[in-house]
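*Asks:* So that you have it, the file is structure-v8.pdb, and it contains PDB, N, CA and C atoms:
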ATOM      1  N   MET A   6      19.225 -74.325  11.689  1.00  0.00           N
ATOM      2  CA  MET A   6      19.623 -73.536  12.841  1.00  0.00           C
ATOM      3  C   MET A   6      18.412 -73.326  13.745  1.00  0.00           C
ATOM      4  N   ASP A   7      18.643 -73.450  15.047  1.00  0.00           N
ATOM      5  CA  ASP A   7      17.589 -73.195  16.024  1.00  0.00           C
ATOM      6  C   ASP A   7      17.278 -71.709  16.064  1.00  0.00           C
ATOM      7  N   LYS A   8      16.071 -71.382  16.529  1.00  0.00           N
ATOM      8  CA  LYS A   8      15.692 -69.973  16.633  1.00  0.00           C
ATOM      9  C   LYS A   8      16.507 -69.293  17.726  1.00  0.00           C
ATOM     10  N   LEU A   9      16.899 -68.067  17.460  1.00  0.00           N
ATOM     11  CA  LEU A   9      17.641 -67.278  18.446  1.00  0.00           C
ATOM     12  C   LEU A   9      16.697 -66.523  19.375  1.00  0.00           C
ATOM     13  N   LEU A  10      15.531 -66.160  18.863  1.00  0.00           N
ATOM     14  CA  LEU A  10      14.547 -65.408  19.629  1.00  0.00           C
ATOM     15  C   LEU A  10      13.138 -65.913  19.314  1.00  0.00           C
ATOM     16  N   TYR A  11      12.268 -65.861  20.299  1.00  0.00           N
ATOM     17  CA  TYR A  11      10.865 -66.209  20.109  1.00  0.00           C
ATOM     18  C   TYR A  11      10.009 -64.968  20.319  1.00  0.00           C
ATOM     19  N   THR A  12       8.938 -64.866  19.550  1.00  0.00           N
ATOM     20  CA  THR A  12       7.988 -63.766  19.732  1.00  0.00           C
ATOM     21  C   THR A  12       7.181 -64.018  21.001  1.00  0.00           C
ATOM     22  N   LYS A  13       6.427 -63.017  21.395  1.00  0.00           N
ATOM     23  CA  LYS A  13       5.578 -63.148  22.575  1.00  0.00           C
ATOM     24  C   LYS A  13       4.559 -64.269  22.369  1.00  0.00           C
ATOM     25  N   ARG A  14       3.958 -64.317  21.210  1.00  0.00           N
ATOM     26  CA  ARG A  14       2.963 -65.357  20.917  1.00  0.00           C
ATOM     27  C   ARG A  14       3.590 -66.751  20.964  1.00  0.00           C
ATOM     28  N   GLU A  15       4.757 -66.905  20.344  1.00  0.00           N
ATOM     29  CA  GLU A  15       5.449 -68.198  20.343  1.00  0.00           C
ATOM     30  C   GLU A  15       5.828 -68.620  21.761  1.00  0.00           C
ATOM     31  N   THR A  16       6.310 -67.658  22.547  1.00  0.00           N
ATOM     32  CA  THR A  16       6.732 -67.941  23.916  1.00  0.00           C
ATOM     33  C   THR A  16       5.550 -68.380  24.765  1.00  0.00           C
ATOM     34  N   ALA A  17       4.437 -67.663  24.667  1.00  0.00           N
ATOM     35  CA  ALA A  17       3.242 -68.024  25.432  1.00  0.00           C
ATOM     36  C   ALA A  17       2.787 -69.435  25.060  1.00  0.00           C
ATOM     37  N   LYS A  18       2.817 -69.736  23.787  1.00  0.00           N
ATOM     38  CA  LYS A  18       2.413 -71.069  23.330  1.00  0.00           C
ATOM     39  C   LYS A  18       3.372 -72.140  23.860  1.00  0.00           C
ATOM     40  N   LEU A  19       4.671 -71.877  23.813  1.00  0.00           N
ATOM     41  CA  LEU A  19       5.660 -72.835  24.324  1.00  0.00           C
ATOM     42  C   LEU A  19       5.457 -73.125  25.803  1.00  0.00           C
ATOM     43  N   LEU A  20       5.112 -72.085  26.566  1.00  0.00           N
ATOM     44  CA  LEU A  20       4.937 -72.237  28.013  1.00  0.00           C
ATOM     45  C   LEU A  20       3.500 -72.621  28.405  1.00  0.00           C
ATOM     46  N   SER A  21       2.624 -72.706  27.418  1.00  0.00           N
ATOM     47  CA  SER A  21       1.201 -73.041  27.646  1.00  0.00           C
ATOM     48  C   SER A  21       0.532 -72.047  28.598  1.00  0.00           C
ATOM     49  N   ILE A  22       0.801 -70.766  28.362  1.00  0.00           N
ATOM     50  CA  ILE A  22       0.187 -69.699  29.146  1.00  0.00           C
ATOM     51  C   ILE A  22      -0.349 -68.641  28.190  1.00  0.00           C
ATOM     52  N   SER A  23      -1.142 -67.725  28.698  1.00  0.00           N
ATOM     53  CA  SER A  23      -1.656 -66.643  27.857  1.00  0.00           C
ATOM     54  C   SER A  23      -0.590 -65.566  27.675  1.00  0.00           C
ATOM     55  N   GLU A  24      -0.780 -64.735  26.680  1.00  0.00           N
ATOM     56  CA  GLU A  24       0.136 -63.615  26.463  1.00  0.00           C
ATOM     57  C   GLU A  24       0.046 -62.626  27.624  1.00  0.00           C
ATOM     58  N   ASP A  25      -1.136 -62.499  28.235  1.00  0.00           N
ATOM     59  CA  ASP A  25      -1.285 -61.619  29.404  1.00  0.00           C
ATOM     60  C   ASP A  25      -0.457 -62.134  30.584  1.00  0.00           C
ATOM     61  N   THR A  26      -0.478 -63.443  30.794  1.00  0.00           N
ATOM     62  CA  THR A  26       0.329 -64.030  31.869  1.00  0.00           C
ATOM     63  C   THR A  26       1.810 -63.833  31.581  1.00  0.00           C
ATOM     64  N   LEU A  27       2.185 -63.975  30.335  1.00  0.00           N
ATOM     65  CA  LEU A  27       3.579 -63.749  29.940  1.00  0.00           C
ATOM     66  C   LEU A  27       3.988 -62.303  30.229  1.00  0.00           C
ATOM     67  N   ASP A  28       3.103 -61.370  29.932  1.00  0.00           N
ATOM     68  CA  ASP A  28       3.379 -59.956  30.241  1.00  0.00           C
ATOM     69  C   ASP A  28       3.579 -59.758  31.746  1.00  0.00           C
ATOM     70  N   GLU A  29       2.762 -60.429  32.558  1.00  0.00           N
ATOM     71  CA  GLU A  29       2.899 -60.334  34.017  1.00  0.00           C
ATOM     72  C   GLU A  29       4.248 -60.884  34.481  1.00  0.00           C
ATOM     73  N   LEU A  30       4.662 -62.013  33.915  1.00  0.00           N
ATOM     74  CA  LEU A  30       5.955 -62.598  34.264  1.00  0.00           C
ATOM     75  C   LEU A  30       7.092 -61.645  33.901  1.00  0.00           C
ATOM     76  N   ARG A  31       6.941 -60.978  32.779  1.00  0.00           N
ATOM     77  CA  ARG A  31       7.974 -60.031  32.349  1.00  0.00           C
ATOM     78  C   ARG A  31       7.996 -58.805  33.257  1.00  0.00           C
ATOM     79  N   ARG A  32       6.823 -58.275  33.575  1.00  0.00           N
ATOM     80  CA  ARG A  32       6.750 -57.094  34.450  1.00  0.00           C
ATOM     81  C   ARG A  32       7.290 -57.392  35.844  1.00  0.00           C
ATOM     82  N   SER A  33       7.076 -58.618  36.321  1.00  0.00           N
ATOM     83  CA  SER A  33       7.532 -58.983  37.662  1.00  0.00           C
ATOM     84  C   SER A  33       9.016 -59.353  37.687  1.00  0.00           C
ATOM     85  N   GLY A  34       9.645 -59.408  36.521  1.00  0.00           N
ATOM     86  CA  GLY A  34      11.068 -59.701  36.450  1.00  0.00           C
ATOM     87  C   GLY A  34      11.407 -61.185  36.431  1.00  0.00           C
ATOM     88  N   LYS A  35      10.399 -62.037  36.317  1.00  0.00           N
ATOM     89  CA  LYS A  35      10.652 -63.478  36.289  1.00  0.00           C
ATOM     90  C   LYS A  35      11.150 -63.947  34.925  1.00  0.00           C
ATOM     91  N   LEU A  36      10.824 -63.188  33.893  1.00  0.00           N
ATOM     92  CA  LEU A  36      11.321 -63.450  32.536  1.00  0.00           C
ATOM     93  C   LEU A  36      11.758 -62.129  31.927  1.00  0.00           C
ATOM     94  N   ASN A  37      12.834 -62.149  31.178  1.00  0.00           N
ATOM     95  CA  ASN A  37      13.296 -60.948  30.486  1.00  0.00           C
ATOM     96  C   ASN A  37      12.787 -60.943  29.052  1.00  0.00           C
ATOM     97  N   GLY A  38      12.356 -59.787  28.609  1.00  0.00           N
ATOM     98  CA  GLY A  38      11.968 -59.588  27.218  1.00  0.00           C
ATOM     99  C   GLY A  38      12.954 -58.630  26.575  1.00  0.00           C
ATOM    100  N   TYR A  39      13.154 -58.783  25.277  1.00  0.00           N
ATOM    101  CA  TYR A  39      14.137 -57.965  24.562  1.00  0.00           C
ATOM    102  C   TYR A  39      13.502 -57.326  23.334  1.00  0.00           C
ATOM    103  N   ARG A  40      13.907 -56.097  23.076  1.00  0.00           N
ATOM    104  CA  ARG A  40      13.489 -55.405  21.853  1.00  0.00           C
ATOM    105  C   ARG A  40      14.672 -55.397  20.899  1.00  0.00           C
ATOM    106  N   ILE A  41      14.386 -55.529  19.613  1.00  0.00           N
ATOM    107  CA  ILE A  41      15.434 -55.536  18.598  1.00  0.00           C
ATOM    108  C   ILE A  41      16.067 -54.147  18.480  1.00  0.00           C
ATOM    109  N   GLU A  42      15.225 -53.137  18.519  1.00  0.00           N
ATOM    110  CA  GLU A  42      15.733 -51.765  18.459  1.00  0.00           C
ATOM    111  C   GLU A  42      14.820 -50.868  19.278  1.00  0.00           C
ATOM    112  N   ARG A  43      15.367 -49.773  19.715  1.00  0.00           N
ATOM    113  CA  ARG A  43      14.596 -48.818  20.516  1.00  0.00           C
ATOM    114  C   ARG A  43      13.395 -48.322  19.708  1.00  0.00           C
ATOM    115  N   GLY A  44      12.250 -48.258  20.350  1.00  0.00           N
ATOM    116  CA  GLY A  44      11.037 -47.780  19.694  1.00  0.00           C
ATOM    117  C   GLY A  44      10.232 -48.896  19.039  1.00  0.00           C
ATOM    118  N   ASN A  45      10.817 -50.076  18.896  1.00  0.00           N
ATOM    119  CA  ASN A  45      10.101 -51.213  18.326  1.00  0.00           C
ATOM    120  C   ASN A  45       9.205 -51.796  19.419  1.00  0.00           C
ATOM    121  N   PRO A  46       7.901 -51.878  19.188  1.00  0.00           N
ATOM    122  CA  PRO A  46       7.005 -52.357  20.246  1.00  0.00           C
ATOM    123  C   PRO A  46       7.076 -53.876  20.483  1.00  0.00           C
ATOM    124  N   ARG A  47       7.656 -54.621  19.559  1.00  0.00           N
ATOM    125  CA  ARG A  47       7.712 -56.080  19.703  1.00  0.00           C
ATOM    126  C   ARG A  47       8.740 -56.503  20.741  1.00  0.00           C
ATOM    127  N   VAL A  48       8.340 -57.492  21.537  1.00  0.00           N
ATOM    128  CA  VAL A  48       9.213 -58.036  22.566  1.00  0.00           C
ATOM    129  C   VAL A  48       9.543 -59.477  22.191  1.00  0.00           C
ATOM    130  N   TYR A  49      10.806 -59.842  22.363  1.00  0.00           N
ATOM    131  CA  TYR A  49      11.273 -61.192  22.032  1.00  0.00           C
ATOM    132  C   TYR A  49      11.885 -61.840  23.264  1.00  0.00           C
ATOM    133  N   PHE A  50      11.953 -63.168  23.226  1.00  0.00           N
ATOM    134  CA  PHE A  50      12.463 -63.932  24.360  1.00  0.00           C
ATOM    135  C   PHE A  50      13.527 -64.907  23.880  1.00  0.00           C
ATOM    136  N   ARG A  51      14.571 -65.074  24.695  1.00  0.00           N
ATOM    137  CA  ARG A  51      15.676 -65.962  24.361  1.00  0.00           C
ATOM    138  C   ARG A  51      15.371 -67.381  24.826  1.00  0.00           C
ATOM    139  N   PRO A  52      15.600 -68.371  23.966  1.00  0.00           N
ATOM    140  CA  PRO A  52      15.283 -69.752  24.330  1.00  0.00           C
ATOM    141  C   PRO A  52      16.013 -70.245  25.582  1.00  0.00           C
ATOM    142  N   GLU A  53      17.267 -69.843  25.764  1.00  0.00           N
ATOM    143  CA  GLU A  53      18.004 -70.325  26.934  1.00  0.00           C
ATOM    144  C   GLU A  53      17.399 -69.798  28.237  1.00  0.00           C
ATOM    145  N   GLU A  54      16.831 -68.590  28.204  1.00  0.00           N
ATOM    146  CA  GLU A  54      16.180 -68.046  29.394  1.00  0.00           C
ATOM    147  C   GLU A  54      14.852 -68.731  29.651  1.00  0.00           C
ATOM    148  N   LEU A  55      14.161 -69.122  28.581  1.00  0.00           N
ATOM    149  CA  LEU A  55      12.905 -69.854  28.742  1.00  0.00           C
ATOM    150  C   LEU A  55      13.165 -71.208  29.387  1.00  0.00           C
ATOM    151  N   LYS A  56      14.243 -71.852  28.992  1.00  0.00           N
ATOM    152  CA  LYS A  56      14.600 -73.152  29.566  1.00  0.00           C
ATOM    153  C   LYS A  56      14.912 -73.007  31.055  1.00  0.00           C
ATOM    154  N   LEU A  57      15.691 -71.990  31.403  1.00  0.00           N
ATOM    155  CA  LEU A  57      16.010 -71.752  32.817  1.00  0.00           C
ATOM    156  C   LEU A  57      14.742 -71.481  33.636  1.00  0.00           C
ATOM    157  N   PHE A  58      13.843 -70.705  33.057  1.00  0.00           N
ATOM    158  CA  PHE A  58      12.580 -70.407  33.733  1.00  0.00           C
ATOM    159  C   PHE A  58      11.785 -71.692  33.950  1.00  0.00           C
ATOM    160  N   ALA A  59      11.644 -72.489  32.911  1.00  0.00           N
ATOM    161  CA  ALA A  59      10.874 -73.735  33.009  1.00  0.00           C
ATOM    162  C   ALA A  59      11.520 -74.713  33.983  1.00  0.00           C
ATOM    163  N   ASP A  60      12.835 -74.776  33.985  1.00  0.00           N
ATOM    164  CA  ASP A  60      13.539 -75.684  34.913  1.00  0.00           C
ATOM    165  C   ASP A  60      13.330 -75.278  36.367  1.00  0.00           C
ATOM    166  N   GLY A  61      13.056 -74.006  36.614  1.00  0.00           N
ATOM    167  CA  GLY A  61      12.875 -73.511  37.975  1.00  0.00           C
ATOM    168  C   GLY A  61      11.457 -73.569  38.494  1.00  0.00           C
ATOM    169  N   LEU A  62      10.516 -74.078  37.692  1.00  0.00           N
ATOM    170  CA  LEU A  62       9.128 -74.146  38.130  1.00  0.00           C
ATOM    171  C   LEU A  62       8.949 -75.215  39.202  1.00  0.00           C
ATOM    172  N   GLU A  63       8.004 -74.963  40.098  1.00  0.00           N
ATOM    173  CA  GLU A  63       7.706 -75.922  41.162  1.00  0.00           C
ATOM    174  C   GLU A  63       6.861 -77.064  40.626  1.00  0.00           C
ATOM    175  N   VAL A  64       7.001 -78.209  41.245  1.00  0.00           N
ATOM    176  CA  VAL A  64       6.177 -79.365  40.899  1.00  0.00           C
ATOM    177  C   VAL A  64       4.830 -79.186  41.581  1.00  0.00           C
ATOM    178  N   ALA A  65       3.759 -79.340  40.808  1.00  0.00           N
ATOM    179  CA  ALA A  65       2.417 -79.203  41.363  1.00  0.00           C
ATOM    180  C   ALA A  65       2.027 -80.454  42.128  1.00  0.00           C
ATOM    181  N   VAL A  66       1.587 -80.272  43.350  1.00  0.00           N
ATOM    182  CA  VAL A  66       1.115 -81.388  44.161  1.00  0.00           C
ATOM    183  C   VAL A  66      -0.404 -81.315  44.215  1.00  0.00           C
ATOM    184  N   CYS A  67      -1.029 -82.376  43.788  1.00  0.00           N
ATOM    185  CA  CYS A  67      -2.504 -82.394  43.758  1.00  0.00           C
ATOM    186  C   CYS A  67      -3.066 -83.149  44.921  1.00  0.00           C
TER     187      CYS A  67
END
Will you turn the file into structure tokens for me?

*Replies:*
Amino acid sequence: MDKLLYTKRETAKLLSISEDTLDELRRSGKLNGYRIERGNPRVYFRPEELKLFADGLEVAVC
């Protein structure tokens, strides 16, 4: 079975960005983070939302 949720560390690694950058994306509303239960400090990310985010990235022109 595929993973239903990714941790912050796993998500940052998948997107090849730092955890700080991931936090910025979450704060700016570009990515949603989810908590399993209220009061739990861990934030998780849904794979389908990560795919949508990655599909929407601009192509870098050098």

*Asks:* Which residues in chain A does DSSP call strand (DSSP E or B)? List them as a list in words.

*Replies:*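 So, restricting chain A to strand (DSSP E or B), we get Tyr11, Thr12, Tyr39, Tyr49 and Phe50 of chain A.
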
*Asks:* Using only C-alpha atoms and a cutoff of 12 Å, can you tell me which residues are near (9.8, -56.6, 15.2) in the file's coordinates, and write them out as a list in words?

*Replies:* Leu10, Tyr11, Thr12, Lys13, Tyr39, Arg40, Ile41, Glu42, Arg43, Gly44, Asn45, Pro46, Arg47, Val48 and Tyr49 of chain A

*Asks:* Just to confirm, what's the straight-line distance from atom CA of A:Arg14 to atom CA of A:Lys35 in Å (one decimal)?

*Replies:* 17.3 Å

*Asks:* Can you pull out the residues contacting stretch 52-57 of chain A? Cut-off 8 Å, using only C-alpha atoms, and skip same-chain residues under 4 positions away; I want them as number ranges by chain.

*Replies:* A: 8-11, 36-37, 61

*Asks:* Now that the selection is made, can you save its residues with N, CA and C atoms as a JSON list (two decimals), in the coordinates of the input?

*Replies:*
[["chain", "number", "residue", "atom", "x", "y", "z"],
["A", 8, "LYS", "N", 16.07, -71.38, 16.53],
["A", 8, "LYS", "CA", 15.69, -69.97, 16.63],
["A", 8, "LYS", "C", 16.51, -69.29, 17.73],
["A", 9, "LEU", "N", 16.90, -68.07, 17.46],
["A", 9, "LEU", "CA", 17.64, -67.28, 18.45],
["A", 9, "LEU", "C", 16.70, -66.52, 19.38],
["A", 10, "LEU", "N", 15.53, -66.16, 18.86],
["A", 10, "LEU", "CA", 14.55, -65.41, 19.63],
["A", 10, "LEU", "C", 13.14, -65.91, 19.31],
["A", 11, "TYR", "N", 12.27, -65.86, 20.30],
["A", 11, "TYR", "CA", 10.86, -66.21, 20.11],
["A", 11, "TYR", "C", 10.01, -64.97, 20.32],
["A", 36, "LEU", "N", 10.82, -63.19, 33.89],
["A", 36, "LEU", "CA", 11.32, -63.45, 32.54],
["A", 36, "LEU", "C", 11.76, -62.13, 31.93],
["A", 37, "ASN", "N", 12.83, -62.15, 31.18],
["A", 37, "ASN", "CA", 13.30, -60.95, 30.49],
["A", 37, "ASN", "C", 12.79, -60.94, 29.05],
["A", 61, "GLY", "N", 13.06, -74.01, 36.61],
["A", 61, "GLY", "CA", 12.88, -73.51, 37.98],
["A", 61, "GLY", "C", 11.46, -73.57, 38.49]]

*Asks:* Write out as a PyMOL selection string the set of residues from chain A that DSSP, computed on the backbone, places in alpha helix (DSSP H).

*Replies:* chain A and resi 13-20+24-32+52-60

*Asks:* Please enclose the listed atoms of stretch 18-27 of chain A in an axis-aligned box, pad each side by 3 Å, and write out the centre and the three edge lengths in Å, rounded to one decimal, as JSON.

*Replies:*
{"center_x": 2.0, "center_y": -67.4, "center_z": 27.6, "size_x": 13.3, "size_y": 17.5, "size_z": 14.5}

*Asks:* Assuming the chain letters and numbering stay as they are in my file, what does the PyMOL selection byres (((chain A and resi 20 and name CA) around 12) and name CA) actually select? List them as an mmCIF file with N, CA and C atoms, in the frame of the given file.

*Replies:*
data_model
loop_
_atom_site.group_PDB
_atom_site.id
_atom_site.type_symbol
_atom_site.label_atom_id
_atom_site.label_comp_id
_atom_site.auth_asym_id
_atom_site.auth_seq_id
_atom_site.Cartn_x
_atom_site.Cartn_y
_atom_site.Cartn_z
ATOM 1 N N TYR A 11 12.268 -65.861 20.299
ATOM 2 C CA TYR A 11 10.865 -66.209 20.109
ATOM 3 C C TYR A 11 10.009 -64.968 20.319
ATOM 4 N N LYS A 13 6.427 -63.017 21.395
ATOM 5 C CA LYS A 13 5.578 -63.148 22.575
ATOM 6 C C LYS A 13 4.559 -64.269 22.369
ATOM 7 N N ARG A 14 3.958 -64.317 21.210
ATOM 8 C CA ARG A 14 2.963 -65.357 20.917
ATOM 9 C C ARG A 14 3.590 -66.751 20.964
ATOM 10 N N GLU A 15 4.757 -66.905 20.344
ATOM 11 C CA GLU A 15 5.449 -68.198 20.343
ATOM 12 C C GLU A 15 5.828 -68.620 21.761
ATOM 13 N N THR A 16 6.310 -67.658 22.547
ATOM 14 C CA THR A 16 6.732 -67.941 23.916
ATOM 15 C C THR A 16 5.550 -68.380 24.765
ATOM 16 N N ALA A 17 4.437 -67.663 24.667
ATOM 17 C CA ALA A 17 3.242 -68.024 25.432
ATOM 18 C C ALA A 17 2.787 -69.435 25.060
ATOM 19 N N LYS A 18 2.817 -69.736 23.787
ATOM 20 C CA LYS A 18 2.413 -71.069 23.330
ATOM 21 C C LYS A 18 3.372 -72.140 23.860
ATOM 22 N N LEU A 19 4.671 -71.877 23.813
ATOM 23 C CA LEU A 19 5.660 -72.835 24.324
ATOM 24 C C LEU A 19 5.457 -73.125 25.803
ATOM 25 N N SER A 21 2.624 -72.706 27.418
ATOM 26 C CA SER A 21 1.201 -73.041 27.646
ATOM 27 C C SER A 21 0.532 -72.047 28.598
ATOM 28 N N ILE A 22 0.801 -70.766 28.362
ATOM 29 C CA ILE A 22 0.187 -69.699 29.146
ATOM 30 C C ILE A 22 -0.349 -68.641 28.190
ATOM 31 N N SER A 23 -1.142 -67.725 28.698
ATOM 32 C CA SER A 23 -1.656 -66.643 27.857
ATOM 33 C C SER A 23 -0.590 -65.566 27.675
ATOM 34 N N GLU A 24 -0.780 -64.735 26.680
ATOM 35 C CA GLU A 24 0.136 -63.615 26.463
ATOM 36 C C GLU A 24 0.046 -62.626 27.624
ATOM 37 N N THR A 26 -0.478 -63.443 30.794
ATOM 38 C CA THR A 26 0.329 -64.030 31.869
ATOM 39 C C THR A 26 1.810 -63.833 31.581
ATOM 40 N N LEU A 27 2.185 -63.975 30.335
ATOM 41 C CA LEU A 27 3.579 -63.749 29.940
ATOM 42 C C LEU A 27 3.988 -62.303 30.229
ATOM 43 N N LEU A 30 4.662 -62.013 33.915
ATOM 44 C CA LEU A 30 5.955 -62.598 34.264
ATOM 45 C C LEU A 30 7.092 -61.645 33.901
ATOM 46 N N LEU A 36 10.824 -63.188 33.893
ATOM 47 C CA LEU A 36 11.321 -63.450 32.536
ATOM 48 C C LEU A 36 11.758 -62.129 31.927
ATOM 49 N N PHE A 50 11.953 -63.168 23.226
ATOM 50 C CA PHE A 50 12.463 -63.932 24.360
ATOM 51 C C PHE A 50 13.527 -64.907 23.880
ATOM 52 N N PRO A 52 15.600 -68.371 23.966
ATOM 53 C CA PRO A 52 15.283 -69.752 24.330
ATOM 54 C C PRO A 52 16.013 -70.245 25.582
ATOM 55 N N LEU A 55 14.161 -69.122 28.581
ATOM 56 C CA LEU A 55 12.905 -69.854 28.742
ATOM 57 C C LEU A 55 13.165 -71.208 29.387
ATOM 58 N N LYS A 56 14.243 -71.852 28.992
ATOM 59 C CA LYS A 56 14.600 -73.152 29.566
ATOM 60 C C LYS A 56 14.912 -73.007 31.055
ATOM 61 N N PHE A 58 13.843 -70.705 33.057
ATOM 62 C CA PHE A 58 12.580 -70.407 33.733
ATOM 63 C C PHE A 58 11.785 -71.692 33.950
ATOM 64 N N ALA A 59 11.644 -72.489 32.911
ATOM 65 C CA ALA A 59 10.874 -73.735 33.009
ATOM 66 C C ALA A 59 11.520 -74.713 33.983
ATOM 67 N N ASP A 60 12.835 -74.776 33.985
ATOM 68 C CA ASP A 60 13.539 -75.684 34.913
ATOM 69 C C ASP A 60 13.330 -75.278 36.367
ATOM 70 N N LEU A 62 10.516 -74.078 37.692
ATOM 71 C CA LEU A 62 9.128 -74.146 38.130
ATOM 72 C C LEU A 62 8.949 -75.215 39.202
#

*Asks:* Report the distance between atom CA of A:Asp7 and atom N of A:Arg51 in Å, rounded to one decimal place.

*Replies:*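 Between atom CA of A:Asp7 and atom N of A:Arg51 the gap is 12.3 Å.
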